[in-house]
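What follows is a short report on a single structure.
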Amino acid sequence: MKIITFANHKGGVGKTTTVANIGYALAHNHKKRVLMIDMDPQTNLTTHFGLYARPENTMYEILRGSADIVSSIQELSPKLHLLPSSLDVTNTESELQGVTGREFILREALESIQGYDAVLIDTPPSLGILTVNAFTASTDICIVVQTEFFALQGLAKLYEIITIVQKRTNPQLTISGVIPTMFDRRKGMHVEALQALEERFKKELFNVPVTEAIALVEAASAGKSIFEYKPSSKAAEQYDELAKIIAKKILR
Ligand SMILES: Nc1ncnc2c1ncn2[C@@H]1O[C@H](COP(=O)(O)OP(=O)(O)O)[C@@H](O)[C@H]1O
Ligand SMILES: [Mg+2]
């Protein structure tokens, strides 16, 4: 079972959109059993799938140890499951202060689940205890980057945290993918940023940039994946291609 965290401490780069659509594609188009985990107190992934009411058990209860993970998982379709987040997760940063082994809570919780080919973790735009829990629990990281001028510079801090996690809590953690998003090939700046990413991540870059597409925004607000909302769109094609690459390179 591969556990993949989609990361970038910058907000608004397309992490949640990527987890939602790759999760859907892996489950519905490629017959994988997928669990998506929402670790962001903004609950964007949870609402992306139309879960607006606060479920009884969420990431918050998991992190404070008052619920078990299996009974907290929601079934969106037979092969696509979701562990929801809630606004209360904002409190965990302070509530877990001083708790011994707090970096390992998610990893321990995940030991009791089985039967998935892929677990996809969506992270908040920060590098605090939530993201460190995700990194500690993961086998792989996919970095999601917007193809803009400062894309590469912004990754330095992320690298620093990944290196610390590899040293202290999870030596097997690997950066397995870099996914460029919001790409517009008419913009010189975007083309240059994509070239810089290609040079920097020769092995890791998934060379299928997700283009800027309003349909992705509309799909999210309709509570749907792009495959349900606009299956004929370029964005659907690109996310399906990315799911294929992940299935081949990471899930194998
Ligand atoms: N390829 C894209 N083209 C246009 N808008 C996008 C694209 N990907 C995501 N968005 C929109 O940009 C906003 C931020 O994306 P989101 O996935 O929530 O980023 P993050 O999780 O990194 O904060 C959302 O409104 C989303 O619908
Ligand atoms: Mg998000």
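We label chains A, B, ... in the order they appear in the structure tokens, count residues from 1 in each chain, and number ligands from 1 in the order shown.
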>> Taking only C-alpha atoms and all ligand atoms and a cut-off of 12 Å, can you tell me which residues surround ligand 2, written as a PyMOL selection string?
In response: chain A and resi 6-20+37-48+85+121-126+144+220
If you keep N, CA and C atoms, can you produce a file of those selected residues as a CSV table (one decimal), in the first residue's frame?
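Result went into part-v7.csv, see below:
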chain,number,residue,atom,x,y,z
A,6,PHE,N,0.5,14.9,-1.0
A,6,PHE,CA,0.6,15.9,-2.0
A,6,PHE,C,0.9,17.2,-1.2
A,7,ALA,N,2.1,17.8,-1.5
A,7,ALA,CA,2.6,18.8,-0.7
A,7,ALA,C,3.0,20.1,-1.4
A,8,ASN,N,2.9,21.2,-0.7
A,8,ASN,CA,3.5,22.5,-1.0
A,8,ASN,C,2.9,23.4,0.1
A,9,HIS,N,3.7,24.1,0.8
A,9,HIS,CA,3.2,24.9,1.9
A,9,HIS,C,2.6,26.2,1.4
A,10,LYS,N,2.7,26.4,0.1
A,10,LYS,CA,2.1,27.5,-0.5
A,10,LYS,C,0.6,27.1,-0.7
A,11,GLY,N,-0.3,28.0,-0.4
A,11,GLY,CA,-1.8,27.7,-0.7
A,11,GLY,C,-2.1,28.1,-2.1
A,12,GLY,N,-3.2,27.5,-2.6
A,12,GLY,CA,-3.7,27.9,-3.9
A,12,GLY,C,-2.9,27.4,-5.1
A,13,VAL,N,-2.1,26.4,-4.9
A,13,VAL,CA,-1.3,25.9,-6.0
A,13,VAL,C,-2.0,24.7,-6.7
A,14,GLY,N,-3.1,24.2,-6.2
A,14,GLY,CA,-3.8,23.1,-6.8
A,14,GLY,C,-3.6,21.7,-6.1
A,15,LYS,N,-3.2,21.7,-4.9
A,15,LYS,CA,-3.0,20.4,-4.2
A,15,LYS,C,-4.4,19.7,-4.1
A,16,THR,N,-5.4,20.4,-3.5
A,16,THR,CA,-6.7,19.7,-3.3
A,16,THR,C,-7.3,19.3,-4.6
A,17,THR,N,-7.3,20.1,-5.6
A,17,THR,CA,-7.8,19.8,-6.9
A,17,THR,C,-7.1,18.5,-7.5
A,18,THR,N,-5.8,18.5,-7.2
A,18,THR,CA,-5.0,17.3,-7.8
A,18,THR,C,-5.4,16.0,-7.0
A,19,VAL,N,-5.5,16.1,-5.7
A,19,VAL,CA,-5.8,14.9,-4.9
A,19,VAL,C,-7.2,14.4,-5.3
A,20,ALA,N,-8.2,15.3,-5.4
A,20,ALA,CA,-9.5,15.0,-5.7
A,20,ALA,C,-9.6,14.3,-7.1
A,37,ILE,N,-7.2,11.3,2.1
A,37,ILE,CA,-7.3,11.8,3.5
A,37,ILE,C,-7.1,13.3,3.5
A,38,ASP,N,-8.1,14.0,4.1
A,38,ASP,CA,-8.1,15.5,4.2
A,38,ASP,C,-7.4,15.9,5.5
A,39,MET,N,-6.2,16.5,5.4
A,39,MET,CA,-5.6,17.0,6.7
A,39,MET,C,-5.6,18.5,6.8
A,40,ASP,N,-6.4,19.1,6.0
A,40,ASP,CA,-6.4,20.6,6.0
A,40,ASP,C,-7.7,21.1,6.8
A,41,PRO,N,-7.5,21.9,7.8
A,41,PRO,CA,-8.6,22.4,8.6
A,41,PRO,C,-9.6,23.2,7.7
A,42,GLN,N,-9.1,23.6,6.5
A,42,GLN,CA,-10.0,24.4,5.6
A,42,GLN,C,-11.0,23.4,4.9
A,43,THR,N,-10.8,22.1,5.1
A,43,THR,CA,-11.7,21.1,4.6
A,43,THR,C,-12.1,21.2,3.1
A,44,ASN,N,-11.2,21.7,2.3
A,44,ASN,CA,-11.6,21.8,0.9
A,44,ASN,C,-11.8,20.5,0.2
A,45,LEU,N,-11.0,19.5,0.5
A,45,LEU,CA,-11.2,18.2,-0.1
A,45,LEU,C,-12.5,17.6,0.3
A,46,THR,N,-12.8,17.7,1.6
A,46,THR,CA,-14.1,17.2,2.1
A,46,THR,C,-15.3,17.8,1.4
A,47,THR,N,-15.2,19.1,1.2
A,47,THR,CA,-16.4,19.8,0.6
A,47,THR,C,-16.3,19.5,-0.9
A,48,HIS,N,-15.2,19.3,-1.5
A,48,HIS,CA,-15.1,19.0,-2.9
A,48,HIS,C,-15.9,17.8,-3.3
A,85,SER,N,-11.9,16.0,7.0
A,85,SER,CA,-11.3,16.9,8.0
A,85,SER,C,-12.4,17.7,8.6
A,121,ILE,N,-2.9,11.8,0.5
A,121,ILE,CA,-3.1,12.8,1.6
A,121,ILE,C,-3.0,14.2,1.1
A,122,ASP,N,-4.0,15.0,1.4
A,122,ASP,CA,-4.0,16.4,1.1
A,122,ASP,C,-3.6,17.2,2.3
A,123,THR,N,-2.7,18.1,2.1
A,123,THR,CA,-2.1,18.8,3.3
A,123,THR,C,-2.5,20.3,3.3
A,124,PRO,N,-2.4,20.9,4.5
A,124,PRO,CA,-2.7,22.3,4.6
A,124,PRO,C,-1.5,23.2,4.1
A,125,PRO,N,-1.7,24.5,3.8
A,125,PRO,CA,-0.6,25.3,3.4
A,125,PRO,C,0.3,25.8,4.5
A,126,SER,N,0.9,24.8,5.2
A,126,SER,CA,1.8,25.1,6.3
A,126,SER,C,2.7,23.9,6.5
A,144,VAL,N,3.3,19.6,-5.6
A,144,VAL,CA,2.4,20.2,-6.5
A,144,VAL,C,2.9,21.7,-6.7
A,220,ALA,N,-15.3,21.8,-8.8
A,220,ALA,CA,-15.1,21.8,-7.4
A,220,ALA,C,-16.4,22.4,-6.7
As a CSV table (one decimal) with C-alpha atoms, in the first residue's frame, which residues of range 5-223 of chain A does DSSP assign to helix (DSSP H, G or I)?
chain,number,residue,atom,x,y,z
A,15,LYS,CA,-3.0,20.4,-4.2
A,16,THR,CA,-6.7,19.7,-3.3
A,17,THR,CA,-7.8,19.8,-6.9
A,18,THR,CA,-5.0,17.3,-7.8
A,19,VAL,CA,-5.8,14.9,-4.9
A,20,ALA,CA,-9.5,15.0,-5.7
A,21,ASN,CA,-9.2,14.3,-9.5
A,22,ILE,CA,-6.3,11.9,-9.3
A,23,GLY,CA,-8.1,10.0,-6.6
A,24,TYR,CA,-11.2,9.8,-8.7
A,25,ALA,CA,-9.3,8.8,-11.8
A,26,LEU,CA,-7.4,6.1,-10.0
A,27,ALA,CA,-10.6,4.6,-8.5
A,28,HIS,CA,-13.0,5.0,-11.4
A,44,ASN,CA,-11.6,21.8,0.9
A,45,LEU,CA,-11.2,18.2,-0.1
A,46,THR,CA,-14.1,17.2,2.1
A,47,THR,CA,-16.4,19.8,0.6
A,48,HIS,CA,-15.1,19.0,-2.9
A,59,MET,CA,-9.2,13.9,11.2
A,60,TYR,CA,-9.6,15.9,14.4
A,61,GLU,CA,-10.9,12.9,16.4
A,62,ILE,CA,-8.2,10.7,14.9
A,63,LEU,CA,-5.4,13.1,15.9
A,70,VAL,CA,-11.8,2.6,10.0
A,71,SER,CA,-15.1,3.9,11.4
A,72,SER,CA,-14.3,7.5,10.3
A,87,LEU,CA,-12.5,23.1,11.2
A,88,ASP,CA,-11.5,21.7,14.6
A,89,VAL,CA,-8.3,20.5,13.1
A,90,THR,CA,-7.0,24.1,13.5
A,91,ASN,CA,-6.8,23.4,17.2
A,92,THR,CA,-4.5,20.4,16.9
A,93,GLU,CA,-1.4,22.5,16.5
A,94,SER,CA,-1.8,23.8,20.1
A,95,GLU,CA,-3.5,20.7,21.6
A,102,ARG,CA,2.9,13.6,18.1
A,103,GLU,CA,4.6,13.2,14.7
A,104,PHE,CA,3.6,9.6,14.6
A,105,ILE,CA,-0.2,9.7,15.3
A,106,LEU,CA,-1.3,9.4,11.7
A,107,ARG,CA,1.2,6.7,10.9
A,108,GLU,CA,0.0,4.6,13.8
A,109,ALA,CA,-3.7,5.2,12.9
A,110,LEU,CA,-3.0,4.0,9.3
A,129,ILE,CA,2.5,19.2,12.9
A,130,LEU,CA,-0.2,18.3,10.4
A,131,THR,CA,2.1,18.2,7.4
A,132,VAL,CA,4.8,16.5,9.5
A,133,ASN,CA,2.3,13.8,10.5
A,134,ALA,CA,1.5,13.3,6.8
A,135,PHE,CA,5.2,13.1,5.8
A,136,THR,CA,5.9,10.7,8.7
A,137,ALA,CA,3.1,8.4,7.6
A,153,GLN,CA,12.6,29.4,-4.8
A,154,GLY,CA,9.4,28.7,-2.7
A,155,LEU,CA,10.4,25.0,-2.4
A,156,ALA,CA,13.5,25.5,-0.3
A,157,LYS,CA,11.6,25.5,3.0
A,158,LEU,CA,9.6,22.4,2.0
A,159,TYR,CA,12.9,20.6,1.2
A,160,GLU,CA,14.3,21.5,4.6
A,161,ILE,CA,11.3,19.9,6.3
A,162,ILE,CA,11.4,16.8,4.1
A,163,THR,CA,15.1,16.3,4.9
A,164,ILE,CA,14.4,16.6,8.6
A,165,VAL,CA,11.6,14.1,8.4
A,166,GLN,CA,13.8,11.7,6.4
A,167,LYS,CA,16.5,12.0,9.1
A,168,ARG,CA,14.3,11.8,12.2
A,188,GLY,CA,6.5,33.2,-21.3
A,189,MET,CA,6.9,33.1,-17.6
A,190,HIS,CA,5.1,29.8,-17.3
A,191,VAL,CA,7.1,28.2,-20.0
A,192,GLU,CA,10.3,29.4,-18.3
A,193,ALA,CA,9.1,28.1,-15.0
A,194,LEU,CA,8.3,24.7,-16.5
A,195,GLN,CA,11.8,24.5,-18.1
A,196,ALA,CA,13.3,25.3,-14.7
A,197,LEU,CA,11.3,22.5,-13.1
A,198,GLU,CA,12.4,20.1,-15.8
A,199,GLU,CA,16.0,20.9,-15.2
A,200,ARG,CA,15.7,20.8,-11.4
A,214,ILE,CA,-12.0,27.3,-15.2
A,215,ALA,CA,-13.8,23.9,-15.5
A,216,LEU,CA,-11.7,22.7,-12.5
A,217,VAL,CA,-13.0,25.6,-10.4
A,218,GLU,CA,-16.6,24.9,-11.5
A,219,ALA,CA,-16.3,21.2,-10.9
A,220,ALA,CA,-15.1,21.8,-7.4
A,221,SER,CA,-18.0,24.2,-6.6
>> Nearest residue to His30 in chain A out of A:Lys230, A:Lys187, A:Lys79, A:Lys224, using only C-alpha atoms?
In response: A:Lys79
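Straight-line separation from atom 6 (C, counted along the ligand's line) of ligand 1 to CA of Asn29 in chain A: 21.7 Å.
Distance annotation: of A:Tyr239, A:Phe150, A:Phe206, A:Phe49, the residue with the minimal separation from ligand 1 is A:Tyr239; atom set is only C-alpha atoms and all ligand atoms.
Nearest-residue note for ligand 1: choosing from A:Phe183, A:Tyr52, A:Phe149, A:Tyr116, the minimum distance belongs to A:Phe183, counting only C-alpha atoms and all ligand atoms.
With CA of Pro55 in chain A on one side and CA of Ile113 in chain A on the other, the separation reads 19.4 Å.
Here the question is which of A:Glu204, A:Asp184, A:Asp240, A:Glu228 gets nearest to ligand 1 using only C-alpha atoms and all ligand atoms, and that residue is A:Asp184.
Shortest atom-to-atom contact with ligand 1 among A:Lys234, A:Lys2, A:Arg54, A:Lys202: A:Lys234, counting only C-alpha atoms and all ligand atoms.
The coordinates place CA of Ala235 in chain A at 10.6 Å from atom 10 (N, counted along the ligand's line) of ligand 1.
The residue that comes closest to Gly128 in chain A, out of A:Ser112, A:Gln74, A:Thr147, A:Gln97 and on the basis of only C-alpha atoms, is A:Gln97.
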> Using the chain letters and numbers from this document, which residues of range 1-250 of chain A does DSSP assign to strand (DSSP E), as a ChimeraX atom specification?
Replying inline: /A:2-7,34-38,74-77,80-83,118-122,140-146,174-181
